[in-house]
$ cat protein_0.csv   # CSV, N, CA and C atoms
chain,number,residue,atom,x,y,z
U,3,MET,N,-28.8,-67.2,-64.9
U,3,MET,CA,-28.9,-66.5,-63.7
U,3,MET,C,-27.9,-67.1,-62.7
U,4,LYS,N,-27.8,-68.4,-62.7
U,4,LYS,CA,-26.9,-69.0,-61.8
U,4,LYS,C,-25.4,-68.6,-62.1
U,5,SER,N,-25.1,-68.5,-63.4
U,5,SER,CA,-23.8,-68.1,-63.8
U,5,SER,C,-23.4,-66.7,-63.3
U,6,HIS,N,-24.4,-65.8,-63.3
U,6,HIS,CA,-24.1,-64.5,-62.8
U,6,HIS,C,-23.8,-64.5,-61.3
U,7,ALA,N,-24.6,-65.3,-60.6
U,7,ALA,CA,-24.4,-65.5,-59.1
U,7,ALA,C,-23.0,-66.1,-58.8
U,8,ILE,N,-22.6,-67.0,-59.6
U,8,ILE,CA,-21.3,-67.7,-59.4
U,8,ILE,C,-20.2,-66.7,-59.6
U,9,VAL,N,-20.3,-65.9,-60.7
U,9,VAL,CA,-19.3,-64.9,-61.1
U,9,VAL,C,-19.2,-63.9,-60.0
U,10,LEU,N,-20.3,-63.4,-59.4
U,10,LEU,CA,-20.4,-62.5,-58.4
U,10,LEU,C,-19.7,-63.0,-57.1
U,11,ILE,N,-20.0,-64.2,-56.8
U,11,ILE,CA,-19.4,-64.9,-55.6
U,11,ILE,C,-17.9,-65.0,-55.7
U,12,ILE,N,-17.4,-65.4,-56.9
U,12,ILE,CA,-16.0,-65.5,-57.1
U,12,ILE,C,-15.3,-64.1,-57.1
U,13,THR,N,-15.9,-63.1,-57.6
U,13,THR,CA,-15.4,-61.8,-57.6
U,13,THR,C,-15.3,-61.3,-56.2
U,14,VAL,N,-16.3,-61.5,-55.4
U,14,VAL,CA,-16.3,-61.1,-54.0
U,14,VAL,C,-15.2,-61.8,-53.2
U,15,ILE,N,-14.9,-63.0,-53.5
U,15,ILE,CA,-13.9,-63.8,-52.8
U,15,ILE,C,-12.5,-63.4,-53.2
U,16,LEU,N,-12.3,-63.3,-54.5
U,16,LEU,CA,-10.9,-63.0,-55.1
U,16,LEU,C,-10.5,-61.6,-55.0
U,17,ALA,N,-11.4,-60.6,-55.1
U,17,ALA,CA,-11.0,-59.2,-55.2
U,17,ALA,C,-10.2,-58.8,-54.0
U,18,PRO,N,-10.6,-59.1,-52.7
U,18,PRO,CA,-9.8,-58.7,-51.6
U,18,PRO,C,-8.4,-59.3,-51.6
U,19,SER,N,-8.3,-60.5,-52.0
U,19,SER,CA,-6.9,-61.1,-52.0
U,19,SER,C,-6.0,-60.5,-53.0
U,20,LEU,N,-6.5,-60.0,-54.1
U,20,LEU,CA,-5.7,-59.3,-55.1
U,20,LEU,C,-5.2,-58.0,-54.6
U,21,VAL,N,-6.1,-57.3,-53.9
U,21,VAL,CA,-5.7,-56.0,-53.3
U,21,VAL,C,-4.6,-56.2,-52.2
U,22,LEU,N,-4.8,-57.3,-51.4
U,22,LEU,CA,-3.8,-57.5,-50.3
U,22,LEU,C,-2.4,-57.9,-50.9
U,23,ASP,N,-2.4,-58.7,-51.9
U,23,ASP,CA,-1.2,-59.1,-52.5
U,23,ASP,C,-0.4,-57.9,-53.1
U,24,THR,N,-1.1,-57.0,-53.8
U,24,THR,CA,-0.5,-55.8,-54.4
U,24,THR,C,0.0,-54.9,-53.3
U,25,GLY,N,-0.7,-54.8,-52.2
U,25,GLY,CA,-0.3,-53.9,-51.1
U,25,GLY,C,1.0,-54.4,-50.4
U,26,LEU,N,1.1,-55.7,-50.3
U,26,LEU,CA,2.2,-56.2,-49.6
U,26,LEU,C,3.5,-56.2,-50.4
U,27,ALA,N,3.4,-56.1,-51.7
U,27,ALA,CA,4.5,-56.1,-52.6
U,27,ALA,C,5.1,-54.7,-52.7
U,28,GLN,N,4.4,-53.7,-52.3
U,28,GLN,CA,5.0,-52.4,-52.4
U,28,GLN,C,5.7,-51.9,-51.2
U,29,THR,N,6.6,-51.0,-51.4
U,29,THR,CA,7.4,-50.5,-50.2
U,29,THR,C,6.5,-49.4,-49.6
U,30,GLN,N,7.1,-48.8,-48.5
U,30,GLN,CA,6.4,-47.7,-47.9
U,30,GLN,C,6.2,-46.5,-48.8
U,31,SER,N,7.0,-46.3,-49.7
U,31,SER,CA,6.9,-45.2,-50.6
U,31,SER,C,5.9,-45.4,-51.7
U,32,GLY,N,5.5,-46.7,-51.9
U,32,GLY,CA,4.5,-47.0,-52.9
U,32,GLY,C,5.1,-47.1,-54.3
U,33,ARG,N,6.4,-47.2,-54.4
U,33,ARG,CA,7.0,-47.2,-55.7
U,33,ARG,C,7.2,-48.6,-56.3
U,34,GLY,N,6.8,-49.6,-55.6
U,34,GLY,CA,6.9,-51.0,-56.0
U,34,GLY,C,7.8,-51.8,-55.1
U,35,PRO,N,8.0,-53.0,-55.4
U,35,PRO,CA,8.8,-53.9,-54.5
U,35,PRO,C,10.3,-53.5,-54.4
U,36,SER,N,10.9,-53.6,-53.3
U,36,SER,CA,12.3,-53.4,-53.1
U,36,SER,C,13.1,-54.6,-53.4
U,37,LYS,N,14.3,-54.4,-53.8
U,37,LYS,CA,15.2,-55.6,-54.1
U,37,LYS,C,15.7,-56.2,-52.8
U,38,ILE,N,15.6,-57.5,-52.7
U,38,ILE,CA,16.1,-58.2,-51.5
U,38,ILE,C,17.7,-58.3,-51.7
U,39,VAL,N,18.4,-57.9,-50.6
U,39,VAL,CA,19.8,-57.9,-50.6
U,39,VAL,C,20.4,-58.5,-49.3
U,40,ARG,N,21.6,-58.9,-49.3
U,40,ARG,CA,22.3,-59.4,-48.1
U,40,ARG,C,23.5,-58.5,-47.8
U,41,ILE,N,23.6,-58.1,-46.6
U,41,ILE,CA,24.8,-57.3,-46.2
U,41,ILE,C,25.4,-58.0,-44.9
U,42,THR,N,26.7,-57.8,-44.8
U,42,THR,CA,27.5,-58.4,-43.8
U,42,THR,C,28.1,-57.3,-42.9
U,43,GLY,N,28.1,-57.6,-41.6
U,43,GLY,CA,28.8,-56.6,-40.7
U,43,GLY,C,28.6,-57.0,-39.3
U,44,CYS,N,28.8,-56.1,-38.4
U,44,CYS,CA,28.8,-56.3,-36.9
U,44,CYS,C,27.6,-55.5,-36.4
U,45,LEU,N,26.8,-56.2,-35.5
U,45,LEU,CA,25.7,-55.5,-34.9
U,45,LEU,C,26.1,-54.8,-33.7
U,46,VAL,N,25.8,-53.5,-33.6
U,46,VAL,CA,26.2,-52.6,-32.5
U,46,VAL,C,25.0,-51.8,-32.1
U,47,ARG,N,25.1,-51.2,-30.9
U,47,ARG,CA,24.0,-50.4,-30.4
U,47,ARG,C,24.0,-49.1,-31.2
U,48,GLY,N,22.8,-48.6,-31.5
U,48,GLY,CA,22.6,-47.3,-32.2
U,48,GLY,C,22.7,-46.2,-31.2
U,49,ASP,N,22.5,-45.0,-31.7
U,49,ASP,CA,22.6,-43.8,-30.9
U,49,ASP,C,21.3,-43.5,-30.1
U,50,GLU,N,20.3,-44.3,-30.3
U,50,GLU,CA,19.1,-44.1,-29.5
U,50,GLU,C,18.7,-45.3,-28.8
U,51,PRO,N,17.9,-45.3,-27.7
U,51,PRO,CA,17.6,-46.5,-27.0
U,51,PRO,C,16.8,-47.5,-27.8
U,52,GLY,N,17.3,-48.7,-27.8
U,52,GLY,CA,16.6,-49.8,-28.5
U,52,GLY,C,17.0,-49.9,-30.0
U,53,GLU,N,17.8,-49.0,-30.5
U,53,GLU,CA,18.2,-49.0,-31.9
U,53,GLU,C,19.4,-49.9,-32.1
U,54,VAL,N,19.4,-50.6,-33.2
U,54,VAL,CA,20.5,-51.5,-33.5
U,54,VAL,C,21.0,-51.2,-34.9
U,55,TRP,N,22.3,-51.1,-35.0
U,55,TRP,CA,23.0,-50.7,-36.3
U,55,TRP,C,23.8,-51.9,-36.8
U,56,LEU,N,23.9,-52.0,-38.1
U,56,LEU,CA,24.9,-53.0,-38.7
U,56,LEU,C,26.0,-52.1,-39.2
U,57,ALA,N,27.2,-52.3,-38.7
U,57,ALA,CA,28.4,-51.6,-39.1
U,57,ALA,C,29.2,-52.4,-40.0
U,58,GLN,N,29.5,-52.0,-41.2
U,58,GLN,CA,30.4,-52.7,-42.1
U,58,GLN,C,31.8,-52.2,-42.0
U,59,LYS,N,32.8,-53.0,-42.5
U,59,LYS,CA,34.2,-52.6,-42.4
U,59,LYS,C,34.5,-51.3,-43.1
U,60,ASP,N,33.8,-51.0,-44.2
U,60,ASP,CA,34.0,-49.8,-45.0
U,60,ASP,C,33.4,-48.6,-44.4
U,61,GLY,N,32.8,-48.7,-43.2
U,61,GLY,CA,32.2,-47.6,-42.5
U,61,GLY,C,30.8,-47.3,-42.7
U,62,GLU,N,30.2,-48.1,-43.7
U,62,GLU,CA,28.7,-48.0,-43.9
U,62,GLU,C,28.0,-48.4,-42.6
U,63,ILE,N,26.9,-47.7,-42.3
U,63,ILE,CA,26.1,-48.1,-41.1
U,63,ILE,C,24.6,-48.1,-41.5
U,64,TYR,N,24.0,-49.2,-41.2
U,64,TYR,CA,22.6,-49.4,-41.5
U,64,TYR,C,21.8,-49.5,-40.2
U,65,GLY,N,20.7,-48.7,-40.1
U,65,GLY,CA,19.8,-48.8,-39.0
U,65,GLY,C,18.8,-49.9,-39.3
U,66,LEU,N,18.8,-50.9,-38.4
U,66,LEU,CA,18.1,-52.2,-38.6
U,66,LEU,C,16.7,-52.1,-38.0
U,67,GLU,N,15.7,-52.7,-38.7
U,67,GLU,CA,14.4,-52.9,-38.2
U,67,GLU,C,13.9,-54.3,-38.4
U,68,SER,N,13.3,-54.9,-37.4
U,68,SER,CA,12.7,-56.2,-37.6
U,68,SER,C,11.6,-56.4,-36.5
U,69,GLY,N,10.5,-57.0,-37.0
U,69,GLY,CA,9.5,-57.3,-36.1
U,69,GLY,C,9.5,-58.7,-35.5
U,70,LYS,N,10.3,-59.6,-36.2
U,70,LYS,CA,10.3,-61.0,-35.7
U,70,LYS,C,11.6,-61.4,-35.2
U,71,ILE,N,12.7,-60.8,-35.5
U,71,ILE,CA,14.0,-61.2,-35.1
U,71,ILE,C,14.5,-60.3,-34.0
U,72,ASP,N,15.0,-60.9,-32.9
U,72,ASP,CA,15.5,-60.2,-31.7
U,72,ASP,C,16.9,-59.7,-32.1
U,73,LEU,N,17.1,-58.5,-32.6
U,73,LEU,CA,18.4,-58.0,-33.0
U,73,LEU,C,19.3,-57.8,-31.8
U,74,ASN,N,18.7,-57.4,-30.7
U,74,ASN,CA,19.5,-57.1,-29.5
U,74,ASN,C,20.3,-58.4,-29.0
U,75,ALA,N,19.7,-59.6,-29.3
U,75,ALA,CA,20.3,-60.8,-28.9
U,75,ALA,C,21.6,-61.1,-29.6
U,76,HIS,N,21.8,-60.4,-30.7
U,76,HIS,CA,23.0,-60.6,-31.5
U,76,HIS,C,24.0,-59.4,-31.5
U,77,LEU,N,23.8,-58.5,-30.5
U,77,LEU,CA,24.7,-57.3,-30.4
U,77,LEU,C,26.2,-57.9,-30.2
U,78,GLY,N,27.1,-57.3,-30.9
U,78,GLY,CA,28.5,-57.7,-30.8
U,78,GLY,C,28.8,-58.9,-31.7
U,79,HIS,N,27.9,-59.5,-32.4
U,79,HIS,CA,28.1,-60.6,-33.3
U,79,HIS,C,28.3,-60.2,-34.7
U,80,LYS,N,29.1,-60.9,-35.5
U,80,LYS,CA,29.3,-60.7,-36.9
U,80,LYS,C,28.1,-61.5,-37.6
U,81,VAL,N,27.4,-60.8,-38.5
U,81,VAL,CA,26.2,-61.4,-39.1
U,81,VAL,C,26.1,-61.1,-40.5
U,82,ILE,N,25.2,-61.9,-41.2
U,82,ILE,CA,24.7,-61.6,-42.5
U,82,ILE,C,23.2,-61.4,-42.4
U,83,VAL,N,22.7,-60.2,-42.8
U,83,VAL,CA,21.3,-60.0,-42.7
U,83,VAL,C,20.8,-59.9,-44.2
U,84,THR,N,19.6,-60.5,-44.3
U,84,THR,CA,18.9,-60.5,-45.6
U,84,THR,C,17.6,-59.6,-45.5
U,85,GLY,N,17.4,-58.8,-46.4
U,85,GLY,CA,16.2,-57.9,-46.3
U,85,GLY,C,16.3,-56.9,-47.4
U,86,TYR,N,15.7,-55.7,-47.1
U,86,TYR,CA,15.7,-54.6,-48.1
U,86,TYR,C,15.9,-53.3,-47.5
U,87,VAL,N,16.5,-52.4,-48.3
U,87,VAL,CA,16.7,-51.0,-47.8
U,87,VAL,C,15.4,-50.2,-47.9
U,88,LEU,N,15.1,-49.5,-46.8
U,88,LEU,CA,13.8,-48.7,-46.7
U,88,LEU,C,14.0,-47.3,-47.2
U,89,PRO,N,13.1,-46.8,-48.0
U,89,PRO,CA,13.2,-45.4,-48.5
U,89,PRO,C,13.1,-44.5,-47.3
U,90,GLU,N,13.9,-43.4,-47.3
U,90,GLU,CA,13.9,-42.4,-46.2
U,90,GLU,C,13.2,-41.2,-46.6
U,91,ALA,N,12.3,-40.7,-45.8
U,91,ALA,CA,11.6,-39.4,-46.1
U,91,ALA,C,12.6,-38.3,-46.0
U,92,LYS,N,12.3,-37.2,-46.7
U,92,LYS,CA,13.2,-36.0,-46.7
U,92,LYS,C,13.4,-35.4,-45.3
U,93,GLU,N,12.4,-35.4,-44.5
U,93,GLU,CA,12.6,-34.9,-43.1
U,93,GLU,C,13.6,-35.8,-42.3
U,94,GLU,N,13.4,-37.1,-42.5
U,94,GLU,CA,14.4,-38.0,-41.8
U,94,GLU,C,15.8,-37.8,-42.3
U,95,ALA,N,16.0,-37.6,-43.6
U,95,ALA,CA,17.3,-37.4,-44.1
U,95,ALA,C,18.0,-36.2,-43.5
U,96,GLY,N,17.2,-35.1,-43.3
U,96,GLY,CA,17.7,-33.9,-42.6
U,96,GLY,C,18.1,-34.2,-41.2
U,97,GLU,N,17.3,-34.9,-40.5
U,97,GLU,CA,17.6,-35.3,-39.1
U,97,GLU,C,18.8,-36.1,-39.0
U,98,GLU,N,19.0,-37.1,-39.9
U,98,GLU,CA,20.2,-37.9,-39.9
U,98,GLU,C,21.4,-37.1,-40.1
U,99,ALA,N,21.4,-36.1,-41.0
U,99,ALA,CA,22.6,-35.3,-41.2
U,99,ALA,C,22.9,-34.5,-40.0
U,100,GLN,N,21.9,-34.0,-39.2
U,100,GLN,CA,22.2,-33.3,-37.9
U,100,GLN,C,22.8,-34.3,-36.9
U,101,LYS,N,22.3,-35.5,-36.9
U,101,LYS,CA,22.9,-36.5,-36.0
U,101,LYS,C,24.3,-36.8,-36.2
U,102,GLU,N,24.7,-36.8,-37.5
U,102,GLU,CA,26.1,-37.0,-37.8
U,102,GLU,C,27.0,-35.9,-37.2
U,103,ASN,N,26.6,-34.7,-37.1
U,103,ASN,CA,27.3,-33.7,-36.5
U,103,ASN,C,27.5,-33.9,-35.0
U,104,ARG,N,26.5,-34.4,-34.3
U,104,ARG,CA,26.6,-34.6,-32.9
U,104,ARG,C,27.4,-35.9,-32.5
U,105,THR,N,27.2,-37.0,-33.3
U,105,THR,CA,27.8,-38.2,-32.9
U,105,THR,C,29.1,-38.6,-33.6
U,106,GLY,N,29.3,-38.0,-34.8
U,106,GLY,CA,30.4,-38.4,-35.7
U,106,GLY,C,30.1,-39.6,-36.5
U,107,LYS,N,29.0,-40.3,-36.3
U,107,LYS,CA,28.6,-41.4,-37.1
U,107,LYS,C,27.2,-41.1,-37.7
U,108,ARG,N,26.9,-41.7,-38.8
U,108,ARG,CA,25.6,-41.5,-39.5
U,108,ARG,C,25.2,-42.8,-40.2
U,109,GLU,N,23.9,-43.1,-40.0
U,109,GLU,CA,23.3,-44.2,-40.8
U,109,GLU,C,23.3,-43.9,-42.3
U,110,SER,N,23.7,-44.9,-43.0
U,110,SER,CA,23.7,-44.8,-44.5
U,110,SER,C,22.2,-44.9,-45.0
U,111,ALA,N,21.5,-45.9,-44.3
U,111,ALA,CA,20.1,-46.1,-44.7
U,111,ALA,C,19.5,-47.0,-43.6
U,112,ASP,N,18.2,-47.1,-43.6
U,112,ASP,CA,17.4,-48.0,-42.8
U,112,ASP,C,17.2,-49.3,-43.5
U,113,PHE,N,17.3,-50.4,-42.8
U,113,PHE,CA,17.2,-51.7,-43.5
U,113,PHE,C,16.2,-52.6,-42.7
U,114,ARG,N,15.3,-53.2,-43.5
U,114,ARG,CA,14.3,-54.1,-42.9
U,114,ARG,C,14.8,-55.5,-43.0
U,115,VAL,N,15.1,-56.1,-41.8
U,115,VAL,CA,15.7,-57.5,-41.7
U,115,VAL,C,14.6,-58.5,-41.9
U,116,ARG,N,14.8,-59.4,-42.8
U,116,ARG,CA,13.9,-60.6,-43.0
U,116,ARG,C,14.5,-61.8,-42.5
U,117,ALA,N,15.8,-61.9,-42.5
U,117,ALA,CA,16.6,-63.1,-42.0
U,117,ALA,C,17.9,-62.7,-41.5
U,118,LEU,N,18.4,-63.4,-40.5
U,118,LEU,CA,19.7,-63.1,-39.9
U,118,LEU,C,20.5,-64.4,-39.7
U,119,LYS,N,21.8,-64.4,-40.1
U,119,LYS,CA,22.6,-65.6,-39.9
U,119,LYS,C,23.9,-65.1,-39.2
U,120,MET,N,24.2,-65.7,-38.1
U,120,MET,CA,25.3,-65.3,-37.3
U,120,MET,C,26.5,-66.0,-37.9
U,121,THR,N,27.6,-65.3,-38.3
U,121,THR,CA,28.8,-65.9,-38.8
U,121,THR,C,30.0,-65.8,-37.9
U,122,GLY,N,29.8,-65.1,-36.7
U,122,GLY,CA,30.9,-65.1,-35.7
U,122,GLY,C,30.3,-64.6,-34.4
U,123,LYS,N,30.8,-65.2,-33.3
U,123,LYS,CA,30.3,-64.8,-32.0
U,123,LYS,C,30.8,-63.4,-31.6
U,124,SER,N,31.9,-62.9,-32.3
U,124,SER,CA,32.3,-61.6,-32.0
U,124,SER,C,32.7,-60.9,-33.3
U,125,CYS,N,32.8,-59.6,-33.3
U,125,CYS,CA,33.1,-58.9,-34.5
U,125,CYS,C,34.6,-58.9,-34.9
U,126,THR,N,35.4,-59.5,-34.0
U,126,THR,CA,36.8,-59.6,-34.4
U,126,THR,C,37.1,-60.9,-35.1
U,127,GLN,N,36.2,-61.7,-35.3
U,127,GLN,CA,36.4,-63.0,-36.0
U,127,GLN,C,36.3,-62.8,-37.5

$ encode --input "protein_0.csv" --output "structure tokens"
Amino acid sequence: MKSHAIVLIITVILAPSLVLDTGLAQTQSGRGPSKIVRITGCLVRGDEPGEVWLAQKDGEIYGLESGKIDLNAHLGHKVIVTGYVLPEAKEEAGEEAQKENRTGKRESADFRVRALKMTGKSCTQ
């Protein structure tokens, strides 16, 4: 009887942590974990208030998101960001294509920033 009670207690304690770990490892699309990557570029203002883009020399532009890092503090700096590309919904992809027609620039993808390293105080360095 005691062994059944112990197994029940362990199950009740461990089950929620297993569910949380699995949920955190998946992307917003639910397809599984994204690959962590590093990209280098210049932080510039996006086309909407509060939006920050990372512009690369080859013309690729990433819309950056971060809850912990103040991206605005690094506007105009050359940086290396570490994180992962976020999947884009079909509706958002259509909206981004329309934005390209108005501004002449388009985000290649949205990117969740986990770490940022400044490599130059200005983008010309």

$ closest_residue --input "protein_0.csv" --among "U:Lys119, U:Arg108, U:Arg114, U:Lys37" --to "Ile63 in chain U" --atoms "only N, CA and C atoms"
U:Arg108

$ atom_distance --input "protein_0.csv" --atom1 "CA of Tyr86 in chain U" --atom2 "atom N of Thr126 in chain U"
24.7 Å

$ closest_residue --input "protein_0.csv" --among "U:Thr42, U:Gly78, U:Glu62, U:Leu88" --to "Asp112 in chain U" --atoms "all atoms listed in the file"
U:Leu88

$ closest_residue --input "protein_0.csv" --among "U:Gly43, U:Trp55, U:Asp49, U:Gly69" --to "Val81 in chain U" --atoms "all atoms listed in the file"
U:Gly43

$ closest_residue --input "protein_0.csv" --among "U:Asn74, U:Phe113, U:Glu53, U:Gly85" --to "Ile38 in chain U" --atoms "only N, CA and C atoms"
U:Gly85

$ closest_residue --input "protein_0.csv" --among "U:Ala75, U:Ala111, U:Ala57, U:Val87" --to "Ser36 in chain U" --atoms "all atoms listed in the file"
U:Val87

$ closest_residue --input "protein_0.csv" --among "U:Ile71, U:Leu45, U:Leu77, U:Pro89" --to "Leu118 in chain U" --atoms "only C-alpha atoms"
U:Ile71

$ atom_distance --input "protein_0.csv" --atom1 "CA of Glu109 in chain U" --atom2 "CA of Asp72 in chain U"
20.0 Å

$ atom_distance --input "protein_0.csv" --atom1 "CA of Val83 in chain U" --atom2 "CA of Pro51 in chain U"
21.0 Å
